[in-house]
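Colleague: File name work-v8.cif; file contents mmCIF, N, CA and C atoms; full text below.
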data_model
#
loop_
_atom_site.group_PDB
_atom_site.id
_atom_site.type_symbol
_atom_site.label_atom_id
_atom_site.label_comp_id
_atom_site.auth_asym_id
_atom_site.auth_seq_id
_atom_site.Cartn_x
_atom_site.Cartn_y
_atom_site.Cartn_z
ATOM 1 N N MET A 950 -69.379 43.449 59.973
ATOM 2 C CA MET A 950 -68.185 42.664 59.768
ATOM 3 C C MET A 950 -67.306 42.824 61.003
ATOM 4 N N ASN A 951 -67.210 41.790 61.771
ATOM 5 C CA ASN A 951 -66.462 41.835 63.013
ATOM 6 C C ASN A 951 -65.233 40.943 62.879
ATOM 7 N N PHE A 952 -64.092 41.555 62.537
ATOM 8 C CA PHE A 952 -62.867 40.796 62.306
ATOM 9 C C PHE A 952 -61.989 40.864 63.542
ATOM 10 N N THR A 953 -61.776 39.740 64.173
ATOM 11 C CA THR A 953 -60.879 39.671 65.325
ATOM 12 C C THR A 953 -59.903 38.521 65.113
ATOM 13 N N PRO A 954 -58.660 38.843 64.704
ATOM 14 C CA PRO A 954 -57.688 37.778 64.469
ATOM 15 C C PRO A 954 -57.286 37.094 65.775
ATOM 16 N N ASN A 955 -56.905 35.856 65.667
ATOM 17 C CA ASN A 955 -56.422 35.124 66.842
ATOM 18 C C ASN A 955 -55.084 35.705 67.282
ATOM 19 N N GLU A 956 -54.873 35.749 68.567
ATOM 20 C CA GLU A 956 -53.630 36.325 69.078
ATOM 21 C C GLU A 956 -52.416 35.488 68.711
ATOM 22 N N GLY A 957 -52.575 34.208 68.577
ATOM 23 C CA GLY A 957 -51.451 33.342 68.307
ATOM 24 C C GLY A 957 -51.127 33.158 66.835
ATOM 25 N N SER A 958 -51.954 33.658 65.923
ATOM 26 C CA SER A 958 -51.746 33.381 64.502
ATOM 27 C C SER A 958 -50.600 34.186 63.903
ATOM 28 N N GLY A 959 -50.420 35.411 64.323
ATOM 29 C CA GLY A 959 -49.355 36.247 63.778
ATOM 30 C C GLY A 959 -49.699 36.844 62.427
ATOM 31 N N ALA A 960 -50.931 36.676 61.957
ATOM 32 C CA ALA A 960 -51.325 37.208 60.650
ATOM 33 C C ALA A 960 -51.266 38.725 60.644
ATOM 34 N N GLY A 961 -51.662 39.342 61.734
ATOM 35 C CA GLY A 961 -51.618 40.804 61.812
ATOM 36 C C GLY A 961 -50.198 41.324 61.784
ATOM 37 N N ALA A 962 -49.302 40.646 62.471
ATOM 38 C CA ALA A 962 -47.892 41.061 62.475
ATOM 39 C C ALA A 962 -47.273 40.881 61.098
ATOM 40 N N LEU A 963 -47.597 39.782 60.449
ATOM 41 C CA LEU A 963 -47.071 39.547 59.103
ATOM 42 C C LEU A 963 -47.582 40.598 58.131
ATOM 43 N N LEU A 964 -48.860 40.926 58.216
ATOM 44 C CA LEU A 964 -49.432 41.952 57.353
ATOM 45 C C LEU A 964 -48.761 43.295 57.606
ATOM 46 N N ALA A 965 -48.492 43.627 58.858
ATOM 47 C CA ALA A 965 -47.822 44.887 59.195
ATOM 48 C C ALA A 965 -46.413 44.933 58.621
ATOM 49 N N ILE A 966 -45.704 43.835 58.710
ATOM 50 C CA ILE A 966 -44.332 43.778 58.188
ATOM 51 C C ILE A 966 -44.331 43.908 56.670
ATOM 52 N N VAL A 967 -45.200 43.161 56.008
ATOM 53 C CA VAL A 967 -45.261 43.212 54.541
ATOM 54 C C VAL A 967 -45.662 44.606 54.079
ATOM 55 N N THR A 968 -46.629 45.212 54.740
ATOM 56 C CA THR A 968 -47.069 46.552 54.369
ATOM 57 C C THR A 968 -45.961 47.578 54.583
ATOM 58 N N THR A 969 -45.229 47.459 55.665
ATOM 59 C CA THR A 969 -44.130 48.377 55.944
ATOM 60 C C THR A 969 -43.032 48.256 54.889
ATOM 61 N N ILE A 970 -42.676 47.038 54.533
ATOM 62 C CA ILE A 970 -41.652 46.823 53.503
ATOM 63 C C ILE A 970 -42.111 47.386 52.170
ATOM 64 N N ALA A 971 -43.383 47.153 51.810
ATOM 65 C CA ALA A 971 -43.913 47.684 50.552
ATOM 66 C C ALA A 971 -43.888 49.206 50.562
ATOM 67 N N ALA A 972 -44.209 49.822 51.683
ATOM 68 C CA ALA A 972 -44.191 51.285 51.772
ATOM 69 C C ALA A 972 -42.777 51.831 51.625
ATOM 70 N N ILE A 973 -41.809 51.172 52.236
ATOM 71 C CA ILE A 973 -40.418 51.622 52.133
ATOM 72 C C ILE A 973 -39.918 51.488 50.700
ATOM 73 N N VAL A 974 -40.210 50.358 50.059
ATOM 74 C CA VAL A 974 -39.775 50.145 48.676
ATOM 75 C C VAL A 974 -40.418 51.178 47.751
ATOM 76 N N THR A 975 -41.699 51.448 47.943
ATOM 77 C CA THR A 975 -42.389 52.435 47.117
ATOM 78 C C THR A 975 -41.800 53.826 47.317
ATOM 79 N N THR A 976 -41.498 54.176 48.552
ATOM 80 C CA THR A 976 -40.919 55.484 48.839
ATOM 81 C C THR A 976 -39.554 55.638 48.186
ATOM 82 N N VAL A 977 -38.719 54.638 48.308
ATOM 83 C CA VAL A 977 -37.385 54.701 47.702
ATOM 84 C C VAL A 977 -37.495 54.784 46.182
ATOM 85 N N PHE A 978 -38.408 54.013 45.594
ATOM 86 C CA PHE A 978 -38.602 54.045 44.138
ATOM 87 C C PHE A 978 -38.949 55.456 43.671
ATOM 88 N N TRP A 979 -39.917 56.105 44.325
ATOM 89 C CA TRP A 979 -40.337 57.436 43.875
ATOM 90 C C TRP A 979 -39.293 58.496 44.181
ATOM 91 N N MET A 980 -38.479 58.291 45.208
ATOM 92 C CA MET A 980 -37.379 59.223 45.457
ATOM 93 C C MET A 980 -36.349 59.144 44.342
ATOM 94 N N ILE A 981 -36.067 57.930 43.873
ATOM 95 C CA ILE A 981 -35.124 57.759 42.767
ATOM 96 C C ILE A 981 -35.686 58.366 41.492
ATOM 97 N N VAL A 982 -36.963 58.124 41.214
ATOM 98 C CA VAL A 982 -37.595 58.700 40.019
ATOM 99 C C VAL A 982 -37.536 60.223 40.072
ATOM 100 N N GLY A 983 -37.858 60.803 41.208
ATOM 101 C CA GLY A 983 -37.824 62.254 41.349
ATOM 102 C C GLY A 983 -36.427 62.818 41.206
ATOM 103 N N TRP A 984 -35.442 62.130 41.774
ATOM 104 C CA TRP A 984 -34.055 62.591 41.678
ATOM 105 C C TRP A 984 -33.576 62.568 40.226
ATOM 106 N N ARG A 985 -33.922 61.492 39.507
ATOM 107 C CA ARG A 985 -33.520 61.410 38.093
ATOM 108 C C ARG A 985 -34.207 62.479 37.260
ATOM 109 N N ALA A 986 -35.464 62.759 37.544
ATOM 110 C CA ALA A 986 -36.189 63.805 36.811
ATOM 111 C C ALA A 986 -35.565 65.173 37.090
ATOM 112 N N MET A 987 -35.184 65.426 38.337
ATOM 113 C CA MET A 987 -34.559 66.694 38.687
ATOM 114 C C MET A 987 -33.242 66.863 37.932
ATOM 115 N N ARG A 988 -32.449 65.807 37.890
ATOM 116 C CA ARG A 988 -31.163 65.884 37.174
ATOM 117 C C ARG A 988 -31.378 66.104 35.688
ATOM 118 N N ALA A 989 -32.389 65.441 35.114
ATOM 119 C CA ALA A 989 -32.672 65.614 33.692
ATOM 120 C C ALA A 989 -33.085 67.058 33.398
ATOM 121 N N HIS A 990 -33.909 67.634 34.258
ATOM 122 C CA HIS A 990 -34.331 69.015 34.042
ATOM 123 C C HIS A 990 -33.159 69.985 34.206
ATOM 124 N N GLU A 991 -32.266 69.690 35.121
ATOM 125 C CA GLU A 991 -31.078 70.535 35.264
ATOM 126 C C GLU A 991 -30.211 70.461 34.019
ATOM 127 N N ARG A 992 -30.070 69.266 33.439
ATOM 128 C CA ARG A 992 -29.274 69.131 32.215
ATOM 129 C C ARG A 992 -29.903 69.891 31.057
ATOM 130 N N ILE A 993 -31.240 69.830 30.964
ATOM 131 C CA ILE A 993 -31.930 70.575 29.903
ATOM 132 C C ILE A 993 -31.687 72.077 30.085
ATOM 133 N N ALA A 994 -31.806 72.563 31.311
ATOM 134 C CA ALA A 994 -31.593 73.984 31.578
ATOM 135 C C ALA A 994 -30.152 74.385 31.278
ATOM 136 N N ASP A 995 -29.190 73.546 31.640
ATOM 137 C CA ASP A 995 -27.785 73.858 31.362
ATOM 138 C C ASP A 995 -27.519 73.897 29.864
ATOM 139 N N THR A 996 -28.100 72.962 29.127
ATOM 140 C CA THR A 996 -27.912 72.926 27.670
ATOM 141 C C THR A 996 -28.508 74.161 27.017
ATOM 142 N N LEU A 997 -29.702 74.541 27.430
ATOM 143 C CA LEU A 997 -30.320 75.745 26.874
ATOM 144 C C LEU A 997 -29.525 76.981 27.240
ATOM 145 N N ASN A 998 -29.010 77.022 28.449
ATOM 146 C CA ASN A 998 -28.213 78.174 28.880
ATOM 147 C C ASN A 998 -26.936 78.297 28.048
ATOM 148 N N GLU A 999 -26.300 77.173 27.734
ATOM 149 C CA GLU A 999 -25.081 77.187 26.915
ATOM 150 C C GLU A 999 -25.377 77.635 25.492
ATOM 151 N N LYS A 1000 -26.507 77.200 24.949
ATOM 152 C CA LYS A 1000 -26.847 77.555 23.565
ATOM 153 C C LYS A 1000 -27.251 79.015 23.440
ATOM 154 N N LEU A 1001 -27.774 79.608 24.516
ATOM 155 C CA LEU A 1001 -28.185 81.000 24.457
ATOM 156 C C LEU A 1001 -27.022 81.959 24.670
ATOM 157 N N LYS A 1002 -25.872 81.474 25.114
ATOM 158 C CA LYS A 1002 -24.712 82.340 25.323
ATOM 159 C C LYS A 1002 -24.040 82.683 24.020
#
Do you think you could lay out the structure here as structure tokens?
Modeller:
Amino acid sequence: MNFTPNEGSGAGALLAIVTTIAAIVTTVFWMIVGWRAMRAHERIADTLNEKLK
């Protein structure tokens, strides 16, 4: 399979841009999910700590 895109088509540049945007969106999504999970676990720990006092 010998794939050589035409230099003038811009398909490779478009694919690079779309892939980069998708990677950034995915990274931000998982950072938000992780941050929310961390906060939830902190709240659980704080609640348990208050009940054990």
Colleague: Measure the distance from atom CA of Arg985 of chain A to atom C of Ala972 of chain A in Å and round it to one decimal.
Modeller: 19.0 Å
Colleague: Edge lengths and centre in Å to one decimal, as JSON, of the axis-aligned box that encloses all listed atoms of segment 960-965 of chain A with 4 Å added on every side?
Modeller:
{"center_x": -49.0, "center_y": 40.8, "center_z": 59.9, "size_x": 13.2, "size_y": 16.3, "size_z": 13.1}
Colleague: Have a look at atom C of Ala986 of chain A and atom N of Ile970 of chain A and let me know their distance in Å, one decimal.
Modeller: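 Atom-to-atom, atom C of Ala986 of chain A to atom N of Ile970 of chain A, that is 26.1 Å.
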Colleague: Which of chain A counts as helix (DSSP H, G or I) under DSSP, as JSON, numbers by chain please?
Modeller: {"A": [960, 961, 962, 963, 964, 965, 966, 967, 968, 969, 970, 971, 972, 973, 974, 975, 976, 977, 978, 979, 980, 981, 982, 983, 984, 985, 986, 987, 988, 989, 990, 991, 992, 993, 994, 995, 996, 997, 998, 999, 1000, 1001]}
Colleague: One decimal, Å: what's the distance from atom N of Ala962 of chain A over to atom CA of Thr976 of chain A, could you say?
Modeller: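 The value is 21.8 Å.
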